[in-house]
Structure formats: C-alpha cells, structure tokens
Amino acid sequence: MGNARFILLLLIVLLLIHNFVTSLSVESPNITADRLALLALKPHITFDSQSLLATNWSTATSVCNWIGVTCGSRNHRVTALNLSGMGLVGTISPHLGNLSFLSIFSIMNNGFHGSLPNQLANLRRLKYINFSNNNITGEIPSWFDTFTQLESLFLHGNNFTGVIPSSLCYFPKLEILRLDKNNLQGQIPDAIGNLSTLKIFSLDTNQVSGSIPASIFNISSLQVIDLSNNKLSDSIPFIALNVSSIQIIDFSSNVLSGNLPSDMFDKLPNLQGLYLSENQFSGRIPSSLFKCKKLNTLALADNHFEGSLPLEIGNLTMLKTLALYTNNLKGQIPNQIGYLLNLERLIIPENKLEGTIPSSIGNLTLLKSLQFFSNSLSGTKV
C-alpha cells in the first residue's frame with residue numbers, strides 16, 4: 001500500500017514537471033506573432049554587411065535572444081528593436097507594425113530607403129523613434145499623431161520632402177524633435193508652440209520658408225532651437241515670456257532681417273550660444289545681449305549691424321568665440337575686450353572699426369584665431 005502511494009505521488013510529480021517543461025518550450029501565440037513580424041523584415045533587406053540578421057535571427061533560438069531585440073520581463077513581448085549601425089540596406093517592412101508592444105524603435109545609421117509604411121501607425125506604445133541617417137523618402141506621415149506616448153523623434157539625415165505636418169505638434173510628452181538635414185519645405189506650423197515639454201528642436205538644413213512663429217518661444221522647457229540653413233525671412237518675433245531654459249539659438253544662414261528686439265536677451269538669461277550669422281539683420285546690437293553672462297559663442301557675422309562695440313562687451317567673460325565680421329560696426333575696439341580671458345577666436349574683419357588696437361588684447365592668452373583685416377585700425381601689427 002505504501003509503495004503504491006509512493007509510485008502515485010512520483011507519477012504526479014513527473015507529470016507536473018513534464019507539463020511545466022512543455023509550457024516553457026511552447027511559444028505563446030503573441031510572441032509567435034512578434035517573431036513572424038521580425039522575420040518578415042529579412043526579405044526586405046537587400047544587403048546585410050555583417051550578416052547579422054541572416055545568421056542570428058533564426059527560428060532555432062528564442063526571438064528574445066536575437067540581436068537588436070529586447071523583450072519585456074513580464075509579458076515576454078518584443079518591446080525594443082535596435083538595428084542601429086548594422087550596415088543594413090533595404091526597405092522597412094510593413095509587418096513591423098504588428099509589434100504591438102514596441103516602445104523603442106531605432107534603425108539609425110543604415111541604408112534604409114523608400115517611404116514609411118502606413119502599418120507603423122499601429123505602434124501606439126512607441127516612446128522613442130530614431131530613423132536618422134538613412135535614405136528614407138516621401139512625406140512625413142500625418143499618422144505620427146497616433147504616437148501619443150512619444151518622447152523622442154529623430155528623423156534627421158534623410159530625404160523627407162513636403163511640409164512639416166501639424167500632426168507633429170501635438171505630442172504631450174515630446175522632448176526631442178530632430179527634422180534637420182532633409183528636404184522639407186513650407187512653413188513652421190504655428191502649432192509648434194503646443195509642444196509644451198520640448199527641449200530640443202532642430203530643423204537646420206532644409207528649405208523651410210516664411211517667418212519664425214512667435215509661439216515657439218512660449219515653450220518654457222526649450223533648451224536648443226536650431227533653424228539654420230533654411231529660407232526663413234522677416235524679423236525675430238517678440239519674446240513675451242522669460243524663457244530661462246534656452247541655451248542655444250541658431251538662426252544662421254537664412255534671410256532674416258530687421259532689428260533684434262531691444263529686450264530680447266532680458267528674456268534669455270541662460271543663453272550660451274547665439275548664432276545669427278549670414279542673415280540681413282540691421283540696427284545696433286541690443287545692450288541686453290551683454291547681460292547674458294553664460295554666453296560662450298556670439299556669432300553675428302555677415303549682417304548689417306551698425307554702431308559701436310559697447311564697453312559692456314567685457315561682461316561676457318565666458319565667451320570663447322566672438323565673430324562679428326562683415327558688418328557696419330564702427331568706432332574703437334573697447335579696452336574691455338581684454339576682460340574676455342577665455343576667448344579663443346576673435347574675428348572682426350570687414351567692418352569700419354578705427355583707432356588703436358587695445359593693448360589689453362595681450363591678456364587673451366588662449367587666442368587661437370585673431371582677425372582684424374579690412375578695418376581702419378592702427379597700432380601693433382596683428
């Protein structure tokens with residue numbers, strides 16, 4: 001009787017172990033769907049320089065162990081796909097839109113081409129998208145507004161055309177928006193000011209025209225704004241609020257004009273870099289600029305600024321680069337220029353400066369580039 005009971009218990013234990021092992025070995029239908037979605041990408045890859053997908057993405061191993069794939073610890077679904085810098089050439093498979101738990105999607109620094117398939121709109125959990133430095137073409141899809149959890153969007157270094165869709169202006173959590181180095185046209189949507197959590201906005205090297213919307217300066221979290229190398233015109237809008245978060249403004253290489261608002265820099269106390277070169281600005285350099293004591297780069301070259309360099313230039317003691325060449329500045333170089341002990345580049349040729357070069361420039365021991373030519377200066381030959 002005792003032996004029979006022992007054998008029965010042993011059989012029950014063995015049966016439980018068998019069922020447990022079987023449950024581990026059988027792939028759930030959900031992860032199977034993820035595996036099929038990923039495998040559907042392989043025929044879209046025409047060149048795999050390191051044969052990573054060809055050799056590693058195998059049905060013999062769990063999808064969660066494939067290179068570039070991360071699964072969630074609780075649901076065991078694919079939550080991240082990172083194929084960055086793998087030397088892949090091809091198109092983006094529409095079947096990737098079936099990765100319904102995906103929150104991170106990066107294919108940066110590859111050779112993907114063609115347009116973005118509409119099926120990607122199904123990836124509603126996405127928080128991070130990085131498609132940068134590929135050859136993706138077509139317009140930026142309007143269905144991006146389905147990504148309500150999005151925090152970072154990198155589309156730079158592609159061949160996107162058309163206008164900036166207003167659908168990009170309604171992400172409640174977006175912190176980084178990089179659209180630079182594409183072929184975008186049209187104007188910056190006024191609704192850009194709705195991105196209340198945005199920290200970095202980069203649109204440089206496109207063909208965007210029109211004026212800079214004033215709403216962009218209503219984003220209290222904004223730290224970097226780069227609109228350089230476009231066709232933006234009109235004047236810089238009035239800044240109504242104190243945008244203490246802004247550190248970098250780059251509006252260089254546009255066709256912006258007019259005077260800089262006199263109190264503009266009263267609203268930008270933490271500004272570190274100001275790049276306005278190669279525009280058509282005129283008038284005097286506002287005195288409020290010289291209150292920005294954290295400024296390390298001041299580039300106002302190739303404009304029509306006039307007036308003299310104020311004594312307050314000596315307040316910018318963190319300055320490393322001062323580029324004011326090709327303007328209509330006149331008068332003398334103030335002796336206070338010698339207070340800029342961190343200065344590495346002092347470039348002010350092609351103005352109407354006159355008088356003696358101040359001897360205090362000798363204090364600038366970190367100087368690597370010093371240019372005064374095409375002025376009416378005298379004194380020590382430099």
# chains A, B, ... in the order shown; residues from 1 in each chain; ligands from 1
$ closest_atom_pairs --of "stretch 79-126 of chain A" --to "stretch 140-161 of chain A" --cutoff "7 Å" --atoms "only C-alpha atoms" --output "CSV"
residue,atom,partner,partner_atom,distance
A:Ala121,CA,A:Trp143,CA,6.0
A:Arg124,CA,A:Phe147,CA,5.1
A:Arg125,CA,A:Gln149,CA,6.3
A:Leu126,CA,A:Leu150,CA,5.8
$ residues_around --residues "stretch 339-349 of chain A" --least-positions-apart "6" --cutoff "7 Å" --atoms "only C-alpha atoms" --output "PyMOL selection string"
chain A and resi 314+316-326+363-364+366-375
$ write_last_selection --atoms "N, CA and C atoms" --output "PDB file, in the first residue's frame"
ATOM      1  N   GLY A 314      32.801  93.522 -22.134  1.00  0.00           N
ATOM      2  CA  GLY A 314      33.659  92.926 -21.117  1.00  0.00           C
ATOM      3  C   GLY A 314      32.914  92.085 -20.102  1.00  0.00           C
ATOM      4  N   LEU A 316      31.007  89.613 -20.862  1.00  0.00           N
ATOM      5  CA  LEU A 316      30.845  88.248 -21.385  1.00  0.00           C
ATOM      6  C   LEU A 316      32.118  87.444 -21.143  1.00  0.00           C
ATOM      7  N   THR A 317      32.431  87.241 -19.887  1.00  0.00           N
ATOM      8  CA  THR A 317      33.720  86.650 -19.529  1.00  0.00           C
ATOM      9  C   THR A 317      33.819  85.155 -19.849  1.00  0.00           C
ATOM     10  N   MET A 318      32.688  84.498 -20.193  1.00  0.00           N
ATOM     11  CA  MET A 318      32.717  83.082 -20.565  1.00  0.00           C
ATOM     12  C   MET A 318      32.918  82.892 -22.065  1.00  0.00           C
ATOM     13  N   LEU A 319      32.977  83.999 -22.801  1.00  0.00           N
ATOM     14  CA  LEU A 319      32.996  83.946 -24.256  1.00  0.00           C
ATOM     15  C   LEU A 319      34.267  83.276 -24.786  1.00  0.00           C
ATOM     16  N   LYS A 320      34.066  82.327 -25.717  1.00  0.00           N
ATOM     17  CA  LYS A 320      35.190  81.663 -26.394  1.00  0.00           C
ATOM     18  C   LYS A 320      35.303  82.070 -27.849  1.00  0.00           C
ATOM     19  N   THR A 321      34.173  82.389 -28.473  1.00  0.00           N
ATOM     20  CA  THR A 321      34.171  82.790 -29.877  1.00  0.00           C
ATOM     21  C   THR A 321      33.368  84.069 -30.034  1.00  0.00           C
ATOM     22  N   LEU A 322      33.992  85.075 -30.645  1.00  0.00           N
ATOM     23  CA  LEU A 322      33.329  86.331 -30.982  1.00  0.00           C
ATOM     24  C   LEU A 322      33.539  86.580 -32.468  1.00  0.00           C
ATOM     25  N   ALA A 323      32.484  86.375 -33.257  1.00  0.00           N
ATOM     26  CA  ALA A 323      32.562  86.514 -34.713  1.00  0.00           C
ATOM     27  C   ALA A 323      31.603  87.609 -35.154  1.00  0.00           C
ATOM     28  N   LEU A 324      32.164  88.766 -35.528  1.00  0.00           N
ATOM     29  CA  LEU A 324      31.366  89.921 -35.927  1.00  0.00           C
ATOM     30  C   LEU A 324      31.760  90.431 -37.310  1.00  0.00           C
ATOM     31  N   TYR A 325      32.453  89.617 -38.071  1.00  0.00           N
ATOM     32  CA  TYR A 325      32.985  90.084 -39.356  1.00  0.00           C
ATOM     33  C   TYR A 325      31.871  90.411 -40.362  1.00  0.00           C
ATOM     34  N   THR A 326      32.240  91.293 -41.301  1.00  0.00           N
ATOM     35  CA  THR A 326      31.359  91.699 -42.404  1.00  0.00           C
ATOM     36  C   THR A 326      30.052  92.285 -41.883  1.00  0.00           C
ATOM     37  N   ASN A 363      46.190  90.285 -23.037  1.00  0.00           N
ATOM     38  CA  ASN A 363      45.761  89.447 -21.905  1.00  0.00           C
ATOM     39  C   ASN A 363      45.107  88.146 -22.355  1.00  0.00           C
ATOM     40  N   LEU A 364      44.719  88.079 -23.634  1.00  0.00           N
ATOM     41  CA  LEU A 364      43.940  86.942 -24.132  1.00  0.00           C
ATOM     42  C   LEU A 364      44.883  85.828 -24.545  1.00  0.00           C
ATOM     43  N   LEU A 366      44.600  82.673 -24.517  1.00  0.00           N
ATOM     44  CA  LEU A 366      44.043  81.445 -25.105  1.00  0.00           C
ATOM     45  C   LEU A 366      43.687  81.611 -26.575  1.00  0.00           C
ATOM     46  N   LEU A 367      43.934  82.798 -27.115  1.00  0.00           N
ATOM     47  CA  LEU A 367      43.555  83.072 -28.505  1.00  0.00           C
ATOM     48  C   LEU A 367      44.225  82.112 -29.485  1.00  0.00           C
ATOM     49  N   LYS A 368      43.404  81.569 -30.390  1.00  0.00           N
ATOM     50  CA  LYS A 368      43.909  80.711 -31.462  1.00  0.00           C
ATOM     51  C   LYS A 368      43.721  81.366 -32.822  1.00  0.00           C
ATOM     52  N   SER A 369      42.728  82.259 -32.923  1.00  0.00           N
ATOM     53  CA  SER A 369      42.466  82.947 -34.182  1.00  0.00           C
ATOM     54  C   SER A 369      42.138  84.397 -33.884  1.00  0.00           C
ATOM     55  N   LEU A 370      42.853  85.299 -34.541  1.00  0.00           N
ATOM     56  CA  LEU A 370      42.680  86.738 -34.336  1.00  0.00           C
ATOM     57  C   LEU A 370      42.706  87.425 -35.696  1.00  0.00           C
ATOM     58  N   GLN A 371      41.576  88.045 -36.100  1.00  0.00           N
ATOM     59  CA  GLN A 371      41.474  88.655 -37.428  1.00  0.00           C
ATOM     60  C   GLN A 371      40.863  90.045 -37.314  1.00  0.00           C
ATOM     61  N   PHE A 372      41.588  91.043 -37.840  1.00  0.00           N
ATOM     62  CA  PHE A 372      41.161  92.437 -37.813  1.00  0.00           C
ATOM     63  C   PHE A 372      41.116  93.065 -39.203  1.00  0.00           C
ATOM     64  N   PHE A 373      41.506  92.360 -40.243  1.00  0.00           N
ATOM     65  CA  PHE A 373      41.755  92.987 -41.549  1.00  0.00           C
ATOM     66  C   PHE A 373      40.503  93.678 -42.110  1.00  0.00           C
ATOM     67  N   SER A 374      40.759  94.586 -43.055  1.00  0.00           N
ATOM     68  CA  SER A 374      39.707  95.372 -43.704  1.00  0.00           C
ATOM     69  C   SER A 374      38.941  96.230 -42.689  1.00  0.00           C
ATOM     70  N   ASN A 375      39.686  96.870 -41.800  1.00  0.00           N
ATOM     71  CA  ASN A 375      39.184  97.920 -40.922  1.00  0.00           C
ATOM     72  C   ASN A 375      40.133  99.108 -41.075  1.00  0.00           C
TER      73      ASN A 375
END
$ residues_around --residues "A:Gly331" --least-positions-apart "2" --cutoff "12 Å" --atoms "only C-alpha atoms" --output "MDAnalysis selection string"
chainID A and resid 306:311 328:329 333:334 351:357 375:377
$ closest_residue --among "A:Asn230, A:Ser245, A:Asn110, A:Ser93" --to "A:Leu268" --atoms "only C-alpha atoms"
A:Ser245
$ residues_around --residues "A:Gly210" --least-positions-apart "5" --cutoff "7 Å" --atoms "only C-alpha atoms" --output "PyMOL selection string"
chain A and resi 187+232-233
$ write_last_selection --atoms "N, CA, C and O atoms" --output "PDB file, in the first residue's frame"
ATOM      1  N   GLN A 187       6.214  76.152 -44.265  1.00  0.00           N
ATOM      2  CA  GLN A 187       6.465  76.963 -43.090  1.00  0.00           C
ATOM      3  C   GLN A 187       6.448  76.122 -41.814  1.00  0.00           C
ATOM      4  O   GLN A 187       5.946  74.997 -41.802  1.00  0.00           O
ATOM      5  N   LEU A 232      14.190  81.092 -44.059  1.00  0.00           N
ATOM      6  CA  LEU A 232      13.324  81.855 -43.172  1.00  0.00           C
ATOM      7  C   LEU A 232      13.538  83.352 -43.359  1.00  0.00           C
ATOM      8  O   LEU A 232      14.680  83.808 -43.553  1.00  0.00           O
ATOM      9  N   SER A 233      12.446  84.110 -43.291  1.00  0.00           N
ATOM     10  CA  SER A 233      12.527  85.553 -43.532  1.00  0.00           C
ATOM     11  C   SER A 233      11.803  86.307 -42.415  1.00  0.00           C
ATOM     12  O   SER A 233      11.372  85.717 -41.422  1.00  0.00           O
TER      13      SER A 233
END
$ atom_distance --atom1 "atom CA of A:Ser62" --atom2 "atom CA of A:Gly111"
26.9 Å
